[in-house]
file upload_27.cif (mmCIF, C-alpha atoms and all ligand atoms)
data_work
#
loop_
_atom_site.label_atom_id
_atom_site.label_comp_id
_atom_site.auth_asym_id
_atom_site.auth_seq_id
_atom_site.Cartn_x
_atom_site.Cartn_y
_atom_site.Cartn_z
CA MET X 1 8.51 -21.46 35.17
CA ILE X 2 5.56 -19.17 34.44
CA ILE X 3 2.79 -18.52 36.94
CA ILE X 4 -0.54 -17.32 35.57
CA LEU X 5 -2.76 -15.60 38.12
CA LYS X 6 -6.54 -15.76 38.23
CA HIS X 7 -8.58 -12.83 36.88
CA GLY X 8 -9.04 -10.25 39.60
CA ALA X 9 -5.78 -11.10 41.39
CA THR X 10 -4.84 -8.25 43.72
CA ASP X 11 -1.49 -6.61 44.48
CA LYS X 12 -1.46 -8.63 47.70
CA ASP X 13 -1.85 -11.87 45.71
CA ILE X 14 1.00 -10.89 43.40
CA ALA X 15 3.19 -10.07 46.39
CA GLN X 16 2.46 -13.50 47.90
CA VAL X 17 3.62 -15.22 44.71
CA GLU X 18 6.70 -13.00 44.46
CA GLU X 19 7.58 -13.75 48.08
CA LYS X 20 7.33 -17.50 47.51
CA LEU X 21 9.57 -17.29 44.44
CA THR X 22 12.16 -15.13 46.20
CA GLU X 23 12.19 -17.55 49.14
CA HIS X 24 13.25 -20.35 46.77
CA GLY X 25 15.94 -18.30 45.05
CA TYR X 26 14.22 -16.95 41.92
CA GLN X 27 13.87 -13.37 40.73
CA PRO X 28 10.15 -12.85 40.02
CA ASN X 29 9.16 -10.76 37.00
CA VAL X 30 5.58 -9.51 36.90
CA THR X 31 3.88 -8.67 33.61
CA ARG X 32 0.44 -7.07 33.67
CA GLY X 33 -1.21 -7.73 30.33
CA VAL X 34 -4.68 -6.63 29.22
CA GLU X 35 -6.16 -10.01 30.18
CA ASP X 36 -3.71 -11.78 32.45
CA ILE X 37 -1.19 -11.14 35.15
CA ILE X 38 1.79 -13.38 34.55
CA VAL X 39 4.75 -13.91 36.87
CA ALA X 40 7.92 -15.36 35.38
CA ALA X 41 10.32 -17.13 37.69
CA VAL X 42 13.81 -16.26 36.51
CA GLY X 43 16.96 -17.88 37.90
CA THR X 44 17.86 -21.20 39.51
CA PRO X 45 15.94 -22.35 42.61
CA HIS X 46 17.58 -23.85 45.73
CA VAL X 47 15.07 -26.73 45.73
CA ASP X 48 13.39 -28.93 43.10
CA GLU X 49 11.05 -26.90 40.92
CA LYS X 50 8.56 -29.62 40.00
CA SER X 51 8.21 -31.45 43.32
CA ILE X 52 8.57 -28.56 45.79
CA VAL X 53 8.05 -25.10 44.29
CA ALA X 54 5.20 -25.79 41.87
CA PRO X 55 2.90 -27.52 44.41
CA GLN X 56 3.47 -24.68 46.89
CA LEU X 57 2.52 -22.14 44.24
CA GLN X 58 -0.52 -24.14 43.20
CA ALA X 59 -1.71 -24.04 46.80
CA ILE X 60 -2.01 -20.24 46.59
CA ASP X 61 -5.67 -19.31 45.84
CA ALA X 62 -4.85 -16.61 43.30
CA VAL X 63 -2.75 -18.94 41.14
CA GLU X 64 -4.55 -20.16 38.02
CA LYS X 65 -1.77 -22.37 36.72
CA VAL X 66 1.94 -23.05 36.77
CA LEU X 67 3.65 -23.74 33.45
CA PHE X 68 7.06 -25.23 32.83
CA VAL X 69 8.60 -23.59 29.81
CA SER X 70 11.92 -24.96 28.74
CA LYS X 71 12.50 -22.33 26.03
CA PRO X 72 15.00 -19.54 26.68
CA TYR X 73 12.25 -17.09 25.66
CA LYS X 74 9.63 -17.97 28.23
CA LEU X 75 7.29 -14.97 28.27
CA VAL X 76 7.44 -14.56 24.51
CA SER X 77 6.66 -18.23 23.85
CA ARG X 78 3.22 -19.19 22.61
CA GLU X 79 2.91 -21.83 25.34
CA SER X 80 3.21 -19.18 28.08
CA HIS X 81 0.01 -17.70 26.72
CA GLY X 82 -2.03 -20.87 26.61
CA GLY X 83 -1.47 -21.17 22.85
CA LYS X 84 -3.57 -18.07 22.19
CA ASP X 85 -2.63 -14.97 20.18
CA THR X 86 -2.07 -11.73 22.04
CA SER X 87 -3.62 -8.47 20.93
CA PHE X 88 -3.23 -5.08 22.56
CA GLU X 89 -4.19 -1.48 21.95
CA VAL X 90 -1.80 1.26 21.00
CA GLY X 91 -2.59 4.97 21.18
CA GLY X 92 -4.88 7.05 23.33
CA LYS X 93 -2.19 9.65 24.07
CA ASP X 94 -3.17 13.31 23.79
CA GLY X 95 -6.74 12.45 22.73
CA GLY X 96 -5.56 10.19 19.88
CA ASN X 97 -7.32 7.04 18.66
CA ARG X 98 -6.80 3.60 20.14
CA VAL X 99 -5.85 0.96 17.59
CA LEU X 100 -5.82 -2.78 18.17
CA VAL X 101 -2.72 -4.69 17.05
CA GLY X 102 -2.97 -8.45 16.69
CA GLY X 103 -6.73 -8.57 16.19
CA ARG X 104 -8.73 -9.52 13.10
CA GLN X 105 -8.14 -6.16 11.52
CA ILE X 106 -4.85 -5.65 9.68
CA CYS X 107 -3.05 -2.67 11.22
CA ILE X 108 -1.61 -0.30 8.63
CA MET X 109 1.15 2.07 9.71
CA ALA X 110 2.32 4.58 7.12
CA GLY X 111 4.28 7.79 6.83
CA PRO X 112 7.67 9.12 5.82
CA CYS X 113 10.95 7.42 6.60
CA SER X 114 12.09 10.66 8.27
CA VAL X 115 10.14 13.57 9.64
CA GLU X 116 11.64 16.34 7.49
CA GLY X 117 9.47 19.29 8.44
CA ARG X 118 5.99 20.33 9.51
CA ASP X 119 4.40 20.66 6.06
CA GLN X 120 5.84 17.38 4.73
CA LEU X 121 4.59 15.47 7.77
CA MET X 122 1.13 17.06 7.93
CA GLU X 123 0.50 16.52 4.23
CA THR X 124 1.57 12.86 4.45
CA ALA X 125 -0.41 12.27 7.65
CA GLN X 126 -3.65 13.69 6.25
CA SER X 127 -3.30 11.68 3.06
CA VAL X 128 -2.46 8.29 4.58
CA HIS X 129 -5.20 8.84 7.16
CA GLN X 130 -7.79 9.46 4.44
CA ASN X 131 -6.65 6.31 2.70
CA GLY X 132 -7.08 4.02 5.67
CA ALA X 133 -3.79 4.03 7.60
CA GLN X 134 -4.40 3.78 11.35
CA VAL X 135 -0.95 4.61 12.70
CA LEU X 136 1.46 7.34 11.55
CA ARG X 137 5.13 6.46 11.20
CA GLY X 138 8.02 8.92 11.01
CA GLY X 139 11.61 8.89 12.21
CA ALA X 140 12.82 11.79 14.34
CA TYR X 141 16.06 10.00 15.29
CA LYS X 142 17.50 8.22 12.25
CA PRO X 143 20.07 5.41 12.26
CA ARG X 144 22.03 6.32 9.11
CA THR X 145 24.79 4.22 7.62
CA SER X 146 26.85 7.34 6.93
CA PRO X 147 27.46 10.00 9.59
CA TYR X 148 27.17 12.65 6.84
CA ASP X 149 23.57 11.72 5.99
CA PHE X 150 20.50 13.44 7.50
CA GLN X 151 20.24 12.27 11.11
CA GLY X 152 16.68 13.40 11.88
CA LEU X 153 15.11 16.46 13.53
CA GLY X 154 15.10 15.04 17.08
CA VAL X 155 12.63 16.67 19.49
CA GLU X 156 11.44 19.08 16.79
CA GLY X 157 10.40 16.02 14.76
CA LEU X 158 8.60 14.54 17.78
CA GLU X 159 6.68 17.82 18.16
CA TYR X 160 5.50 17.62 14.53
CA LEU X 161 4.42 14.01 15.06
CA ALA X 162 2.38 15.05 18.11
CA GLU X 163 0.79 17.82 16.05
CA ALA X 164 -0.11 15.35 13.30
CA ARG X 165 -1.69 13.09 15.91
CA ARG X 166 -3.82 16.00 17.18
CA ALA X 167 -4.87 16.77 13.61
CA THR X 168 -5.71 13.22 12.49
CA GLY X 169 -6.17 11.17 15.68
CA MET X 170 -3.60 8.65 14.43
CA PRO X 171 -1.30 7.15 17.10
CA ILE X 172 2.38 7.66 16.25
CA ILE X 173 5.26 5.22 15.99
CA THR X 174 8.83 6.51 16.01
CA GLU X 175 12.28 5.10 16.57
CA VAL X 176 14.25 5.38 19.80
CA MET X 177 17.96 4.71 19.35
CA THR X 178 19.47 5.25 22.79
CA PRO X 179 18.53 4.19 26.33
CA SER X 180 18.92 7.78 27.56
CA LEU X 181 16.25 8.97 25.10
CA VAL X 182 13.56 6.39 25.96
CA GLU X 183 11.92 8.73 28.49
CA THR X 184 11.79 11.65 26.05
CA VAL X 185 10.47 9.57 23.14
CA CYS X 186 7.84 7.99 25.45
CA GLU X 187 6.44 11.47 26.18
CA TYR X 188 5.41 11.68 22.51
CA ALA X 189 5.23 8.20 20.99
CA ASP X 190 2.35 5.71 21.15
CA VAL X 191 4.72 2.98 19.95
CA LEU X 192 8.50 2.85 20.38
CA GLN X 193 10.30 1.47 17.34
CA ILE X 194 13.52 -0.42 18.04
CA GLY X 195 15.44 -0.40 14.79
CA ALA X 196 17.09 -3.37 13.12
CA ARG X 197 20.56 -2.10 14.03
CA ASN X 198 19.56 -1.99 17.68
CA MET X 199 17.82 -5.36 18.03
CA GLN X 200 20.64 -6.62 20.23
CA ASN X 201 21.29 -3.36 22.08
CA TYR X 202 20.49 -4.97 25.42
CA ASP X 203 20.61 -1.73 27.40
CA LEU X 204 18.02 -0.26 25.05
CA LEU X 205 15.86 -3.41 25.28
CA ARG X 206 16.01 -3.25 29.09
CA GLU X 207 15.09 0.44 29.12
CA CYS X 208 12.11 -0.21 26.80
CA GLY X 209 11.12 -3.05 29.13
CA LYS X 210 10.75 -0.52 31.94
CA ALA X 211 8.59 1.75 29.78
CA ARG X 212 4.81 1.49 29.61
CA THR X 213 4.65 2.35 25.92
CA PRO X 214 4.17 -0.52 23.41
CA VAL X 215 7.25 -1.52 21.43
CA MET X 216 7.82 -2.66 17.84
CA LEU X 217 11.00 -4.74 17.72
CA LYS X 218 12.55 -4.92 14.27
CA ARG X 219 14.54 -7.93 13.24
CA GLY X 220 18.31 -7.41 13.15
CA LEU X 221 19.96 -7.37 9.72
CA SER X 222 21.47 -10.80 10.33
CA ALA X 223 19.50 -12.05 13.32
CA THR X 224 18.08 -15.55 13.51
CA ILE X 225 14.47 -16.02 14.60
CA GLU X 226 15.69 -17.39 17.93
CA GLU X 227 17.94 -14.37 18.61
CA TRP X 228 15.00 -12.12 17.79
CA LEU X 229 12.68 -14.00 20.17
CA LYS X 230 15.28 -13.72 22.94
CA ALA X 231 15.66 -9.99 22.29
CA ALA X 232 11.88 -9.60 22.75
CA GLU X 233 12.15 -11.58 25.98
CA TYR X 234 14.32 -8.79 27.45
CA ILE X 235 11.46 -6.34 27.00
CA LEU X 236 8.79 -8.64 28.43
CA ALA X 237 11.03 -9.71 31.30
CA GLY X 238 11.37 -6.02 32.16
CA GLY X 239 7.59 -5.83 32.61
CA ASN X 240 6.46 -4.39 29.27
CA ALA X 241 4.05 -6.93 27.76
CA ASP X 242 3.03 -4.95 24.68
CA VAL X 243 5.60 -6.00 22.11
CA MET X 244 5.15 -6.65 18.39
CA PHE X 245 7.76 -8.04 16.03
CA CYS X 246 8.61 -6.46 12.68
CA GLU X 247 10.17 -8.43 9.81
CA ARG X 248 12.15 -5.92 7.74
CA GLY X 249 14.43 -8.07 5.62
CA ILE X 250 17.76 -9.74 6.28
CA ARG X 251 21.17 -9.58 4.62
CA THR X 252 21.73 -12.25 2.00
CA TYR X 253 23.96 -12.58 -1.09
CA GLU X 254 21.16 -11.23 -3.35
CA PRO X 255 21.90 -7.67 -4.56
CA SER X 256 18.73 -7.06 -6.63
CA THR X 257 16.89 -6.04 -3.49
CA ARG X 258 18.32 -4.00 -0.58
CA PHE X 259 17.56 -6.86 1.85
CA THR X 260 15.78 -10.19 1.43
CA LEU X 261 12.31 -9.89 2.95
CA ASP X 262 11.95 -13.15 4.87
CA LEU X 263 8.20 -13.75 4.89
CA SER X 264 8.72 -17.24 6.30
CA ALA X 265 9.51 -15.37 9.52
CA VAL X 266 5.78 -14.62 9.82
CA PRO X 267 4.56 -18.22 10.30
CA ALA X 268 7.78 -19.01 12.21
CA ILE X 269 7.11 -16.24 14.74
CA LYS X 270 3.41 -17.13 14.89
CA LYS X 271 4.33 -20.69 15.79
CA ALA X 272 6.92 -19.75 18.40
CA SER X 273 5.22 -16.75 19.97
CA HIS X 274 1.84 -15.31 20.93
CA LEU X 275 2.91 -11.76 20.03
CA PRO X 276 1.79 -9.92 16.87
CA ILE X 277 4.07 -9.48 13.85
CA ILE X 278 4.18 -6.58 11.37
CA VAL X 279 5.97 -6.59 8.00
CA ASP X 280 8.03 -3.70 6.59
CA PRO X 281 8.31 -4.23 2.82
CA SER X 282 9.87 -0.76 2.39
CA GLN X 283 13.14 -1.50 4.25
CA GLY X 284 12.74 -5.18 3.29
CA THR X 285 13.04 -4.68 -0.47
CA GLY X 286 14.41 -1.14 -0.84
CA ARG X 287 12.34 -0.95 -4.03
CA ARG X 288 9.15 1.03 -4.57
CA ASP X 289 8.01 -1.29 -7.37
CA MET X 290 7.88 -4.26 -4.99
CA ILE X 291 6.01 -2.73 -2.03
CA SER X 292 2.53 -3.62 -3.19
CA SER X 293 3.26 -7.27 -4.10
CA MET X 294 5.18 -7.93 -0.92
CA SER X 295 2.46 -6.25 1.17
CA LYS X 296 -0.11 -8.61 -0.32
CA ALA X 297 2.16 -11.57 0.33
CA ALA X 298 2.75 -10.40 3.91
CA ILE X 299 -0.98 -10.28 4.64
CA ALA X 300 -1.50 -13.66 3.00
CA SER X 301 1.28 -15.15 5.13
CA GLY X 302 -0.52 -14.14 8.35
CA ALA X 303 1.07 -10.81 9.26
CA ASP X 304 -0.95 -8.63 11.64
CA GLY X 305 0.01 -5.39 9.93
CA LEU X 306 2.27 -3.46 7.61
CA ILE X 307 4.54 -0.46 8.02
CA ILE X 308 4.94 1.47 4.77
CA GLU X 309 7.07 4.47 3.80
CA VAL X 310 5.02 7.24 2.13
CA HIS X 311 6.06 10.77 1.11
CA PRO X 312 4.26 13.41 -1.00
CA HIS X 313 7.40 13.68 -3.20
CA PRO X 314 9.59 10.58 -2.73
CA GLU X 315 12.14 11.95 -5.20
CA ASP X 316 12.85 14.80 -2.75
CA ALA X 317 12.91 12.63 0.39
CA MET X 318 15.87 13.09 2.75
CA SER X 319 16.06 9.33 3.35
CA ASP X 320 14.90 6.12 1.64
CA GLY X 321 13.15 7.86 -1.30
CA GLN X 322 13.81 4.88 -3.61
CA GLN X 323 11.62 2.62 -1.46
CA THR X 324 8.93 5.20 -0.69
CA LEU X 325 5.44 5.33 -2.24
CA ASP X 326 3.85 8.65 -3.13
CA THR X 327 0.40 9.31 -1.71
CA THR X 328 -1.41 8.21 -4.89
CA GLN X 329 0.52 4.92 -5.03
CA PHE X 330 -0.30 4.33 -1.36
CA ALA X 331 -4.03 4.88 -2.00
CA GLN X 332 -3.91 2.48 -4.96
CA MET X 333 -2.11 -0.18 -2.93
CA MET X 334 -4.60 0.08 -0.06
CA SER X 335 -7.50 -0.68 -2.39
CA GLU X 336 -5.64 -3.74 -3.71
CA LEU X 337 -4.87 -5.10 -0.22
CA LYS X 338 -8.48 -5.28 0.96
CA PRO X 339 -9.50 -8.37 -1.03
CA VAL X 340 -6.32 -10.19 0.04
CA ALA X 341 -7.11 -9.45 3.69
CA GLN X 342 -10.67 -10.72 3.22
CA ALA X 343 -9.44 -13.88 1.52
CA VAL X 344 -7.46 -14.82 4.64
CA GLY X 345 -10.25 -13.95 7.06
CA ARG X 346 -8.96 -10.51 8.04
CA THR X 347 -10.48 -7.04 7.73
CA MET X 348 -8.90 -3.79 6.59
C1 LIG X 401 13.10 2.80 9.22
O1 LIG X 401 12.04 2.29 9.57
O2 LIG X 401 13.17 3.84 8.54
C2 LIG X 401 14.36 2.10 9.56
C3 LIG X 401 15.51 2.74 9.64
O3 LIG X 401 14.17 0.78 9.78
P1 LIG X 401 15.23 -0.42 10.05
O4 LIG X 401 15.67 -0.25 11.46
O5 LIG X 401 14.40 -1.63 9.82
O6 LIG X 401 16.34 -0.27 9.06
MN MN X 402 13.51 4.12 6.21
#

call {"tool": "encode", "arguments": {"input": "upload_27.cif", "output": "structure tokens", "more": "lines below"}}
Ligand code: PEP
Ligand code: MN
result
Amino acid sequence: MIIILKHGATDKDIAQVEEKLTEHGYQPNVTRGVEDIIVAAVGTPHVDEKSIVAPQLQAIDAVEKVLFVSKPYKLVSRESHGGKDTSFEVGGKDGGNRVLVGGRQICIMAGPCSVEGRDQLMETAQSVHQNGAQVLRGGAYKPRTSPYDFQGLGVEGLEYLAEARRATGMPIITEVMTPSLVETVCEYADVLQIGARNMQNYDLLRECGKARTPVMLKRGLSATIEEWLKAAEYILAGGNADVMFCERGIRTYEPSTRFTLDLSAVPAIKKASHLPIIVDPSQGTGRRDMISSMSKAAIASGADGLIIEVHPHPEDAMSDGQQTLDTTQFAQMMSELKPVAQAVGRTM
């Protein structure tokens, strides 16, 4: 059951609803979104939900409506949000810009796979910024398949990201791999990236649910849409409403691409959920020559944004060079995406 409160509901109103739910044996979960305050009733009540609990809740002045959601991903479900799309702002930290995700404008995030050093990051940041990217990406903690590969610069990398934000105004998105590092990464990041390999790291999901920094939840390498929706539910149920999905390709039998970019996930997520979805054609194909085509297809399929790997010298990159655009290729791609965005009623 989901309880939507009226605009202007006070802390006292929320407490009244929470008290009623607790009395009947639920654990209430409050989410404060930009527009609405939503209380999810988790657990099994002692009495009948429809005939006893719901009418009592409806009798509370501050309650707008009570919804019965049968899905296991209640807060994430489109029906919990009155069928409407959700949009939210990211950024604003340290004087940086605020960028809307899930609105009419396509949100472009770009930057290197890994933060490798100050000069590499600043050069990339300035260039992608000039070419229309709104958010800077860069990994400071890297999930690498081999323990002998570059693992990221850690806090030093976060410091460079913060410096690039001061220089360009771009909010920063960076991966957090461990629950114990969520607090540290939140001090720097405007968006926490949960990597594909961590989509079902439930301790990490719970910790990000407690944070007040927006989250981008990547799809697991072999996760179904339903598993992905349930993973997002952990974050919302923890009280963090600002979650976006990211389709980044799944494992299939096809070896000509690194993963198979499942663009049908875009309309599938849009149908099931009110949350925004971003597409990552860089991890999704593993091939530089496919980034532009798949980016166009992603926008045409209804994606709210893209996350693209860019490096001044991809051939020297310390990770994922083969799927990384150089700054000129990124500029070229951006000019080609605009008409596609316009054709589907979006701006860029
Ligand atoms: C990345 O964005 O560089 C990355 C490691 O992503 P994923 O978790 O999708 O593999
Ligand atoms: Mn990468």

call {"tool": "axis_aligned_box", "arguments": {"input": "upload_27.cif", "around": "ligand LIG 401 (chain X)", "padding_each_side": "3 Å", "output": "lines of an AutoDock Vina configuration file"}}
result
center_x = 14.2
center_y = 1.1
center_z = 10.0
size_x = 10.3
size_y = 11.5
size_z = 8.9

call {"tool": "closest_residue", "arguments": {"input": "upload_27.cif", "among": "X:Val310, X:Ala300, X:Met318, X:Ile2", "to": "X:Val69", "atoms": "all atoms listed in the file"}}
result
X:Ile2

call {"tool": "atom_distance", "arguments": {"input": "upload_27.cif", "atom1": "atom CA of X:Val63", "atom2": "atom CA of X:Gly238"}}
result
21.1 Å

call {"tool": "closest_residue", "arguments": {"input": "upload_27.cif", "among": "X:Gly284, X:Ile235, X:Val191, X:Thr86", "to": "X:Arg104", "atoms": "all atoms listed in the file"}}
result
X:Thr86

call {"tool": "atom_distance", "arguments": {"input": "upload_27.cif", "atom1": "atom CA of X:Cys246", "atom2": "atom CA of X:Arg165"}}
result
22.3 Å

call {"tool": "residues_around", "arguments": {"input": "upload_27.cif", "residues": "X:Thr145", "least_positions_apart": "3", "cutoff": "12 Å", "atoms": "all atoms listed in the file", "output": "list in words"}}
result
Lys142, Tyr148, Asp149, Phe150, Gln151, Arg197, Ser319 and Asp320 of chain X

call {"tool": "residues_near_ligand", "arguments": {"input": "upload_27.cif", "ligand": "ligand LIG 401 (chain X)", "cutoff": "7 Å", "atoms": "only C-alpha atoms and all ligand atoms", "output": "number ranges by chain"}}
result
X: 113-114, 139, 142-143, 194-197, 218, 248, 283

call {"tool": "write_last_selection", "arguments": {"input": "upload_27.cif", "atoms": "C-alpha atoms", "output": "mmCIF file, in the coordinates of the input"}}
result
data_model
loop_
_atom_site.group_PDB
_atom_site.id
_atom_site.type_symbol
_atom_site.label_atom_id
_atom_site.label_comp_id
_atom_site.auth_asym_id
_atom_site.auth_seq_id
_atom_site.Cartn_x
_atom_site.Cartn_y
_atom_site.Cartn_z
ATOM 1 C CA CYS X 113 10.950 7.420 6.600
ATOM 2 C CA SER X 114 12.090 10.660 8.270
ATOM 3 C CA GLY X 139 11.610 8.890 12.210
ATOM 4 C CA LYS X 142 17.500 8.220 12.250
ATOM 5 C CA PRO X 143 20.070 5.410 12.260
ATOM 6 C CA ILE X 194 13.520 -0.420 18.040
ATOM 7 C CA GLY X 195 15.440 -0.400 14.790
ATOM 8 C CA ALA X 196 17.090 -3.370 13.120
ATOM 9 C CA ARG X 197 20.560 -2.100 14.030
ATOM 10 C CA LYS X 218 12.550 -4.920 14.270
ATOM 11 C CA ARG X 248 12.150 -5.920 7.740
ATOM 12 C CA GLN X 283 13.140 -1.500 4.250
#
